[in-house]
Amino acid sequence: QRQMCIRDSIYTTYRQTCGACHGDDGKGRDPIAPTLLNNGIIMHSDPFNTIAVTVRGLQPTYLDKDRNFMPMASFEDVLSDQRLAELITFVRLHLGDREEPVTAEHVREVRETLEAAGYAGGLHTTPDMYDRRDNNINIR
(Lines give C-alpha, C1' and ligand atoms only; values in the text may rest on other atoms or scores of the structure.)
Protein backbone atom coordinates (compact mmCIF):
# COMPACT_ATOMS: atom_id res chain seq x y z
CA GLN A 1 0.00 0.00 0.00
CA ARG A 2 2.77 2.45 1.01
CA GLN A 3 4.83 1.61 -2.11
CA MET A 4 1.76 2.28 -4.25
CA CYS A 5 1.28 5.71 -2.64
CA ILE A 6 4.94 6.60 -3.17
CA ARG A 7 4.79 5.48 -6.82
CA ASP A 8 1.57 7.45 -7.36
CA SER A 9 3.20 10.53 -5.81
CA ILE A 10 6.23 10.22 -8.09
CA TYR A 11 3.99 9.69 -11.13
CA THR A 12 2.10 12.86 -10.19
CA THR A 13 5.45 14.71 -10.09
CA TYR A 14 6.34 13.12 -13.46
CA ARG A 15 3.05 14.29 -15.01
CA GLN A 16 3.55 17.84 -13.70
CA THR A 17 7.16 18.10 -14.88
CA CYS A 18 8.27 15.66 -17.59
CA GLY A 19 4.79 14.60 -18.70
CA ALA A 20 3.71 18.16 -19.42
CA CYS A 21 5.91 18.07 -22.53
CA HIS A 22 6.88 14.42 -23.04
CA GLY A 23 3.34 13.13 -22.50
CA ASP A 24 1.76 11.25 -19.60
CA ASP A 25 2.91 8.00 -21.26
CA GLY A 26 6.43 9.29 -22.04
CA LYS A 27 5.97 8.78 -25.79
CA GLY A 28 6.64 12.44 -26.62
CA ARG A 29 4.53 15.17 -28.13
CA ASP A 30 5.41 16.48 -31.58
CA PRO A 31 6.56 19.17 -32.08
CA ILE A 32 7.05 19.86 -28.36
CA ALA A 33 9.30 17.11 -27.01
CA PRO A 34 10.76 13.73 -28.05
CA THR A 35 9.89 10.36 -26.59
CA LEU A 36 11.43 9.26 -23.30
CA LEU A 37 10.22 5.68 -23.81
CA ASN A 38 13.24 3.59 -24.81
CA ASN A 39 15.25 6.79 -25.27
CA GLY A 40 18.99 6.06 -25.43
CA ILE A 41 19.83 8.68 -22.79
CA ILE A 42 17.25 7.26 -20.38
CA MET A 43 18.33 3.65 -21.07
CA HIS A 44 22.09 4.24 -20.74
CA SER A 45 23.74 2.35 -17.88
CA ASP A 46 25.29 5.59 -16.58
CA PRO A 47 22.59 8.06 -15.45
CA PHE A 48 24.93 11.09 -15.79
CA ASN A 49 23.32 12.50 -18.96
CA THR A 50 19.77 11.99 -17.71
CA ILE A 51 20.65 13.80 -14.49
CA ALA A 52 22.53 16.53 -16.38
CA VAL A 53 19.54 17.20 -18.65
CA THR A 54 17.20 17.62 -15.68
CA VAL A 55 19.67 19.84 -13.82
CA ARG A 56 20.84 21.94 -16.77
CA GLY A 57 18.00 21.84 -19.27
CA LEU A 58 18.55 21.11 -22.94
CA GLN A 59 18.45 22.96 -26.23
CA PRO A 60 16.61 21.00 -28.94
CA THR A 61 19.51 21.26 -31.39
CA TYR A 62 21.35 18.76 -29.17
CA LEU A 63 18.72 16.13 -30.00
CA ASP A 64 17.91 16.21 -33.69
CA LYS A 65 18.94 18.99 -36.06
CA ASP A 66 15.97 18.26 -38.33
CA ARG A 67 13.35 18.64 -35.58
CA ASN A 68 12.30 21.83 -33.90
CA PHE A 69 11.52 20.64 -30.36
CA MET A 70 11.02 23.23 -27.65
CA PRO A 71 13.94 23.85 -25.25
CA MET A 72 13.75 21.85 -22.04
CA ALA A 73 13.78 23.89 -18.84
CA SER A 74 16.07 23.12 -15.95
CA PHE A 75 14.48 21.56 -12.87
CA GLU A 76 17.44 22.39 -10.63
CA ASP A 77 15.52 25.09 -8.76
CA VAL A 78 12.19 23.27 -9.02
CA LEU A 79 12.95 19.93 -7.35
CA SER A 80 15.35 18.98 -4.55
CA ASP A 81 18.21 16.56 -5.28
CA GLN A 82 16.21 13.85 -3.50
CA ARG A 83 13.05 14.51 -5.52
CA LEU A 84 15.03 14.67 -8.78
CA ALA A 85 16.66 11.34 -7.87
CA GLU A 86 13.25 9.75 -7.26
CA LEU A 87 11.88 11.18 -10.50
CA ILE A 88 14.85 10.08 -12.60
CA THR A 89 14.76 6.61 -11.01
CA PHE A 90 11.04 6.40 -11.88
CA VAL A 91 11.60 7.51 -15.49
CA ARG A 92 14.58 5.20 -16.02
CA LEU A 93 12.67 2.24 -14.57
CA HIS A 94 9.34 2.71 -16.34
CA LEU A 95 10.50 4.23 -19.64
CA GLY A 96 14.02 2.86 -19.98
CA ASP A 97 13.91 -0.48 -18.14
CA ARG A 98 16.85 0.51 -15.86
CA GLU A 99 16.43 -0.86 -12.37
CA GLU A 100 19.43 0.79 -10.70
CA PRO A 101 18.19 3.64 -8.51
CA VAL A 102 19.58 7.16 -8.85
CA THR A 103 20.39 8.72 -5.49
CA ALA A 104 20.36 12.30 -4.24
CA GLU A 105 24.15 11.95 -4.00
CA HIS A 106 24.32 11.15 -7.76
CA VAL A 107 22.28 14.27 -8.51
CA ARG A 108 24.41 16.45 -6.23
CA GLU A 109 27.65 15.17 -7.80
CA VAL A 110 26.42 15.85 -11.35
CA ARG A 111 25.11 19.30 -10.39
CA GLU A 112 28.42 20.22 -8.74
CA THR A 113 30.35 18.92 -11.76
CA LEU A 114 28.22 21.01 -14.13
CA GLU A 115 28.63 24.08 -11.94
CA ALA A 116 32.41 23.57 -11.72
CA ALA A 117 32.55 23.26 -15.51
CA GLY A 118 30.78 26.62 -15.86
CA TYR A 119 27.28 25.37 -16.61
CA ALA A 120 24.27 26.44 -14.61
CA GLY A 121 20.66 25.36 -14.54
CA GLY A 122 18.48 26.52 -17.41
CA LEU A 123 21.50 26.90 -19.72
CA HIS A 124 22.29 30.32 -18.25
CA THR A 125 25.95 30.99 -17.52
CA THR A 126 26.86 34.21 -15.78
CA PRO A 127 30.20 35.92 -16.53
CA ASP A 128 31.55 35.12 -13.06
CA MET A 129 30.69 31.42 -13.50
CA TYR A 130 32.50 31.51 -16.85
CA ASP A 131 35.57 33.03 -15.19
CA ARG A 132 35.55 30.47 -12.36
CA ARG A 133 34.90 27.37 -14.47
CA ASP A 134 37.27 24.42 -14.36
CA ASN A 135 38.61 24.02 -17.91
CA ASN A 136 39.82 20.50 -17.10
CA ILE A 137 36.26 19.18 -16.88
CA ASN A 138 34.95 17.92 -20.21
CA ILE A 139 31.15 17.66 -20.20
CA ARG A 140 30.71 16.89 -23.91
# chains A, B, ... in the order shown; residues from 1 in each chain; ligands from 1
>>> residues_around(residues="stretch 33-45 of chain A", least_positions_apart="6", cutoff="7 Å", atoms="only C-alpha atoms", output="MDAnalysis selection string")
chainID A and resid 21:22 26:27 69:70 92 95:98
>>> residues_around(residues="stretch 80-89 of chain A", least_positions_apart="3", cutoff="10 Å", atoms="only C-alpha atoms", output="short mmCIF file (atom, residue, chain, number, x, y, z; two decimals) with all heavy atoms, in the first residue's frame")
data_model
loop_
_atom_site.label_atom_id
_atom_site.label_comp_id
_atom_site.auth_asym_id
_atom_site.auth_seq_id
_atom_site.Cartn_x
_atom_site.Cartn_y
_atom_site.Cartn_z
N ILE A 6 3.69 5.95 -2.77
CA ILE A 6 4.94 6.60 -3.17
C ILE A 6 5.03 6.65 -4.69
O ILE A 6 5.34 7.69 -5.27
CB ILE A 6 6.16 5.87 -2.56
CG1 ILE A 6 6.19 6.08 -1.05
CG2 ILE A 6 7.46 6.36 -3.20
CD1 ILE A 6 7.19 5.21 -0.32
N ARG A 7 4.73 5.52 -5.36
CA ARG A 7 4.79 5.48 -6.82
C ARG A 7 3.78 6.45 -7.43
O ARG A 7 4.08 7.15 -8.39
CB ARG A 7 4.58 4.06 -7.33
CG ARG A 7 4.90 3.94 -8.81
CD ARG A 7 4.89 2.54 -9.33
NE ARG A 7 3.56 1.99 -9.21
CZ ARG A 7 3.27 0.80 -8.68
NH1 ARG A 7 4.24 0.04 -8.23
NH2 ARG A 7 2.04 0.36 -8.61
N SER A 9 2.68 9.20 -6.07
CA SER A 9 3.20 10.53 -5.81
C SER A 9 4.28 10.90 -6.82
O SER A 9 4.30 12.02 -7.34
CB SER A 9 3.76 10.60 -4.39
OG SER A 9 4.44 11.81 -4.20
N ILE A 10 5.16 9.96 -7.11
CA ILE A 10 6.23 10.22 -8.09
C ILE A 10 5.64 10.37 -9.48
O ILE A 10 6.06 11.23 -10.25
CB ILE A 10 7.31 9.12 -8.04
CG1 ILE A 10 8.01 9.16 -6.68
CG2 ILE A 10 8.33 9.30 -9.16
CD1 ILE A 10 8.92 7.98 -6.42
N TYR A 11 4.62 9.55 -9.82
CA TYR A 11 3.99 9.69 -11.13
C TYR A 11 3.31 11.05 -11.26
O TYR A 11 3.36 11.67 -12.31
CB TYR A 11 2.98 8.56 -11.39
CG TYR A 11 2.32 8.70 -12.75
CD1 TYR A 11 3.07 8.61 -13.91
CD2 TYR A 11 0.97 8.98 -12.85
CE1 TYR A 11 2.49 8.78 -15.16
CE2 TYR A 11 0.37 9.15 -14.09
CZ TYR A 11 1.13 9.05 -15.24
OH TYR A 11 0.54 9.22 -16.47
N THR A 12 2.71 11.53 -10.18
CA THR A 12 2.10 12.86 -10.19
C THR A 12 3.17 13.91 -10.48
O THR A 12 2.97 14.82 -11.30
CB THR A 12 1.39 13.16 -8.86
OG1 THR A 12 0.34 12.21 -8.69
CG2 THR A 12 0.83 14.58 -8.82
N THR A 13 4.33 13.79 -9.82
CA THR A 13 5.45 14.71 -10.09
C THR A 13 5.89 14.58 -11.55
O THR A 13 6.14 15.59 -12.22
CB THR A 13 6.63 14.43 -9.14
OG1 THR A 13 6.20 14.59 -7.80
CG2 THR A 13 7.80 15.36 -9.43
N TYR A 14 5.98 13.34 -12.05
CA TYR A 14 6.34 13.12 -13.46
C TYR A 14 5.36 13.85 -14.39
O TYR A 14 5.76 14.56 -15.30
CB TYR A 14 6.35 11.62 -13.80
CG TYR A 14 6.42 11.40 -15.29
CD1 TYR A 14 7.63 11.42 -15.95
CD2 TYR A 14 5.26 11.26 -16.04
CE1 TYR A 14 7.69 11.29 -17.33
CE2 TYR A 14 5.31 11.12 -17.42
CZ TYR A 14 6.53 11.14 -18.06
OH TYR A 14 6.58 11.03 -19.43
N THR A 17 5.87 17.62 -14.38
CA THR A 17 7.16 18.10 -14.88
C THR A 17 7.42 17.51 -16.26
O THR A 17 7.12 18.15 -17.26
CB THR A 17 8.29 17.76 -13.89
OG1 THR A 17 8.28 16.35 -13.62
CG2 THR A 17 8.15 18.54 -12.59
N CYS A 18 7.92 16.31 -16.32
CA CYS A 18 8.27 15.66 -17.59
C CYS A 18 7.06 15.47 -18.50
O CYS A 18 7.10 15.75 -19.69
CB CYS A 18 8.90 14.29 -17.35
SG CYS A 18 10.17 14.25 -16.07
N ILE A 42 17.94 7.83 -21.53
CA ILE A 42 17.25 7.26 -20.38
C ILE A 42 17.72 5.83 -20.11
O ILE A 42 17.87 5.40 -18.97
CB ILE A 42 15.71 7.26 -20.61
CG1 ILE A 42 15.18 8.65 -20.92
CG2 ILE A 42 14.96 6.63 -19.44
CD1 ILE A 42 15.37 9.67 -19.85
N PRO A 47 23.66 7.06 -15.46
CA PRO A 47 22.59 8.06 -15.45
C PRO A 47 23.08 9.50 -15.58
O PRO A 47 22.27 10.42 -15.52
CB PRO A 47 21.94 7.83 -14.08
CG PRO A 47 23.05 7.36 -13.22
CD PRO A 47 23.91 6.51 -14.13
N THR A 50 21.16 11.78 -18.10
CA THR A 50 19.77 11.99 -17.71
C THR A 50 19.71 13.01 -16.57
O THR A 50 18.88 13.92 -16.57
CB THR A 50 19.11 10.67 -17.28
OG1 THR A 50 19.24 9.73 -18.33
CG2 THR A 50 17.64 10.87 -16.96
N ILE A 51 20.60 12.85 -15.60
CA ILE A 51 20.65 13.80 -14.49
C ILE A 51 21.03 15.18 -15.00
O ILE A 51 20.40 16.19 -14.65
CB ILE A 51 21.65 13.32 -13.40
CG1 ILE A 51 21.19 11.99 -12.79
CG2 ILE A 51 21.81 14.39 -12.32
CD1 ILE A 51 22.26 11.32 -11.94
N THR A 54 18.19 17.09 -16.61
CA THR A 54 17.20 17.62 -15.68
C THR A 54 17.75 18.80 -14.88
O THR A 54 17.02 19.73 -14.57
CB THR A 54 16.67 16.55 -14.71
OG1 THR A 54 17.74 16.05 -13.92
CG2 THR A 54 15.99 15.42 -15.45
N VAL A 55 19.04 18.77 -14.59
CA VAL A 55 19.67 19.84 -13.82
C VAL A 55 19.92 21.07 -14.70
O VAL A 55 19.67 22.20 -14.29
CB VAL A 55 20.99 19.36 -13.18
CG1 VAL A 55 21.82 20.52 -12.64
CG2 VAL A 55 20.71 18.35 -12.08
N PHE A 75 15.28 21.80 -14.07
CA PHE A 75 14.48 21.56 -12.87
C PHE A 75 15.32 21.70 -11.61
O PHE A 75 14.90 21.34 -10.52
CB PHE A 75 13.84 20.17 -12.94
CG PHE A 75 12.74 20.10 -13.96
CD1 PHE A 75 12.97 19.57 -15.20
CD2 PHE A 75 11.49 20.62 -13.68
CE1 PHE A 75 11.97 19.54 -16.16
CE2 PHE A 75 10.48 20.60 -14.62
CZ PHE A 75 10.72 20.05 -15.87
N GLU A 76 16.52 22.25 -11.76
CA GLU A 76 17.44 22.39 -10.63
C GLU A 76 16.82 23.19 -9.49
O GLU A 76 16.98 22.84 -8.32
CB GLU A 76 18.74 23.05 -11.08
CG GLU A 76 19.73 23.24 -9.96
CD GLU A 76 21.03 23.84 -10.42
OE1 GLU A 76 21.05 24.56 -11.43
OE2 GLU A 76 22.04 23.57 -9.76
N ASP A 77 16.12 24.26 -9.80
CA ASP A 77 15.52 25.09 -8.76
C ASP A 77 14.06 24.72 -8.49
O ASP A 77 13.40 25.38 -7.70
CB ASP A 77 15.60 26.57 -9.15
CG ASP A 77 17.04 27.05 -9.23
OD1 ASP A 77 17.88 26.51 -8.48
OD2 ASP A 77 17.32 27.94 -10.04
N ARG A 92 13.67 6.23 -15.49
CA ARG A 92 14.58 5.20 -16.02
C ARG A 92 13.99 3.80 -15.86
O ARG A 92 14.16 2.96 -16.74
CB ARG A 92 15.95 5.31 -15.34
CG ARG A 92 16.76 6.48 -15.89
CD ARG A 92 18.03 6.74 -15.14
NE ARG A 92 18.87 5.61 -14.86
CZ ARG A 92 19.83 5.14 -15.66
NH1 ARG A 92 20.05 5.71 -16.83
NH2 ARG A 92 20.56 4.10 -15.31
N LEU A 93 13.27 3.55 -14.78
CA LEU A 93 12.67 2.24 -14.57
C LEU A 93 11.51 2.00 -15.53
O LEU A 93 11.46 0.99 -16.23
CB LEU A 93 12.18 2.09 -13.12
CG LEU A 93 11.43 0.80 -12.80
CD1 LEU A 93 12.33 -0.42 -12.98
CD2 LEU A 93 10.88 0.85 -11.38
N HIS A 94 10.58 2.94 -15.59
CA HIS A 94 9.34 2.71 -16.34
C HIS A 94 9.44 3.03 -17.83
O HIS A 94 8.65 2.51 -18.62
CB HIS A 94 8.19 3.50 -15.70
CG HIS A 94 7.86 2.99 -14.33
ND1 HIS A 94 7.18 1.81 -14.11
CD2 HIS A 94 8.16 3.47 -13.11
CE1 HIS A 94 7.05 1.60 -12.82
NE2 HIS A 94 7.64 2.60 -12.18
N LEU A 95 10.38 3.87 -18.22
CA LEU A 95 10.50 4.23 -19.64
C LEU A 95 11.80 3.75 -20.27
O LEU A 95 11.94 3.80 -21.49
CB LEU A 95 10.36 5.75 -19.80
CG LEU A 95 9.03 6.33 -19.32
CD1 LEU A 95 9.06 7.85 -19.40
CD2 LEU A 95 7.86 5.76 -20.09
N GLY A 96 12.74 3.31 -19.45
CA GLY A 96 14.02 2.86 -19.98
C GLY A 96 14.46 1.50 -19.49
O GLY A 96 15.53 1.02 -19.83
N ARG A 98 15.62 0.50 -16.68
CA ARG A 98 16.85 0.51 -15.86
C ARG A 98 16.44 0.42 -14.41
O ARG A 98 15.74 1.29 -13.91
CB ARG A 98 17.65 1.79 -16.10
CG ARG A 98 18.15 1.99 -17.50
CD ARG A 98 18.95 0.89 -18.06
NE ARG A 98 20.28 0.83 -17.51
CZ ARG A 98 21.20 -0.04 -17.89
NH1 ARG A 98 20.93 -0.94 -18.79
NH2 ARG A 98 22.37 -0.02 -17.34
N GLU A 99 16.87 -0.62 -13.75
CA GLU A 99 16.43 -0.86 -12.37
C GLU A 99 17.32 -0.23 -11.31
O GLU A 99 16.92 -0.14 -10.16
CB GLU A 99 16.32 -2.38 -12.13
CG GLU A 99 15.24 -3.02 -12.98
CD GLU A 99 15.08 -4.50 -12.70
OE1 GLU A 99 15.70 -5.00 -11.74
OE2 GLU A 99 14.33 -5.14 -13.45
N GLU A 100 18.52 0.21 -11.68
CA GLU A 100 19.43 0.79 -10.70
C GLU A 100 18.91 2.16 -10.26
O GLU A 100 18.69 3.03 -11.09
CB GLU A 100 20.84 0.97 -11.29
CG GLU A 100 21.44 -0.26 -11.89
CD GLU A 100 21.00 -0.52 -13.34
OE1 GLU A 100 20.29 0.32 -13.93
OE2 GLU A 100 21.35 -1.58 -13.87
N PRO A 101 18.71 2.35 -8.96
CA PRO A 101 18.19 3.64 -8.51
C PRO A 101 19.24 4.75 -8.62
O PRO A 101 20.44 4.52 -8.52
CB PRO A 101 17.84 3.39 -7.04
CG PRO A 101 18.64 2.21 -6.63
CD PRO A 101 18.89 1.40 -7.87
N VAL A 102 18.76 5.95 -8.87
CA VAL A 102 19.58 7.16 -8.85
C VAL A 102 19.39 7.76 -7.47
O VAL A 102 18.27 7.84 -6.97
CB VAL A 102 19.14 8.14 -9.95
CG1 VAL A 102 19.83 9.49 -9.80
CG2 VAL A 102 19.40 7.55 -11.32
N THR A 103 20.46 8.17 -6.84
CA THR A 103 20.39 8.72 -5.49
C THR A 103 20.54 10.24 -5.50
O THR A 103 21.01 10.82 -6.49
CB THR A 103 21.49 8.13 -4.60
OG1 THR A 103 22.77 8.58 -5.09
CG2 THR A 103 21.45 6.61 -4.58
N ALA A 104 20.17 10.85 -4.39
CA ALA A 104 20.36 12.30 -4.24
C ALA A 104 21.84 12.64 -4.35
O ALA A 104 22.20 13.70 -4.88
CB ALA A 104 19.79 12.77 -2.90
N GLU A 105 22.70 11.75 -3.89
CA GLU A 105 24.15 11.95 -4.00
C GLU A 105 24.58 12.01 -5.47
O GLU A 105 25.40 12.84 -5.85
CB GLU A 105 24.89 10.83 -3.26
CG GLU A 105 26.39 10.94 -3.30
CD GLU A 105 26.96 12.09 -2.50
OE1 GLU A 105 26.24 12.70 -1.69
OE2 GLU A 105 28.16 12.39 -2.68
N HIS A 106 24.03 11.10 -6.31
CA HIS A 106 24.32 11.15 -7.76
C HIS A 106 23.96 12.51 -8.32
O HIS A 106 24.73 13.11 -9.08
CB HIS A 106 23.49 10.10 -8.53
CG HIS A 106 23.92 8.69 -8.38
ND1 HIS A 106 23.03 7.70 -8.07
CD2 HIS A 106 25.11 8.09 -8.50
CE1 HIS A 106 23.66 6.55 -8.00
NE2 HIS A 106 24.93 6.76 -8.25
N VAL A 107 22.77 12.98 -7.99
CA VAL A 107 22.28 14.27 -8.51
C VAL A 107 23.19 15.40 -8.04
O VAL A 107 23.59 16.26 -8.84
CB VAL A 107 20.82 14.52 -8.09
CG1 VAL A 107 20.36 15.91 -8.52
CG2 VAL A 107 19.90 13.45 -8.68
N ARG A 108 23.53 15.40 -6.76
CA ARG A 108 24.41 16.45 -6.23
C ARG A 108 25.76 16.45 -6.94
O ARG A 108 26.27 17.51 -7.33
CB ARG A 108 24.62 16.26 -4.72
CG ARG A 108 25.45 17.39 -4.09
CD ARG A 108 25.77 17.12 -2.63
NE ARG A 108 26.56 15.91 -2.43
CZ ARG A 108 27.87 15.79 -2.71
NH1 ARG A 108 28.54 16.82 -3.21
NH2 ARG A 108 28.49 14.66 -2.50
N GLU A 109 26.34 15.27 -7.14
CA GLU A 109 27.65 15.17 -7.80
C GLU A 109 27.59 15.71 -9.23
O GLU A 109 28.49 16.44 -9.66
CB GLU A 109 28.13 13.71 -7.82
CG GLU A 109 28.57 13.20 -6.47
CD GLU A 109 28.88 11.71 -6.47
OE1 GLU A 109 28.81 11.07 -7.55
OE2 GLU A 109 29.19 11.18 -5.39
N ARG A 111 25.35 17.86 -10.47
CA ARG A 111 25.11 19.30 -10.39
C ARG A 111 26.40 20.04 -10.08
O ARG A 111 26.73 21.05 -10.72
CB ARG A 111 24.05 19.61 -9.33
CG ARG A 111 23.76 21.09 -9.19
CD ARG A 111 22.65 21.40 -8.19
NE ARG A 111 22.61 20.56 -7.01
CZ ARG A 111 23.43 20.65 -5.97
NH1 ARG A 111 24.41 21.55 -5.98
NH2 ARG A 111 23.30 19.85 -4.94
#
>>> atom_distance(atom1="atom CA of A:Phe90", atom2="atom CA of A:Leu58")
19.9 Å
>>> closest_residue(among="A:Gly19, A:Pro71, A:Gly118, A:Gly57", to="A:Pro31", atoms="only C-alpha atoms")
A:Pro71
>>> select_by_dssp(residues="stretch 46-88 of chain A", states="helix (DSSP H, G or I)", output="ChimeraX atom specification")
/A:48-56,60-62,81-88
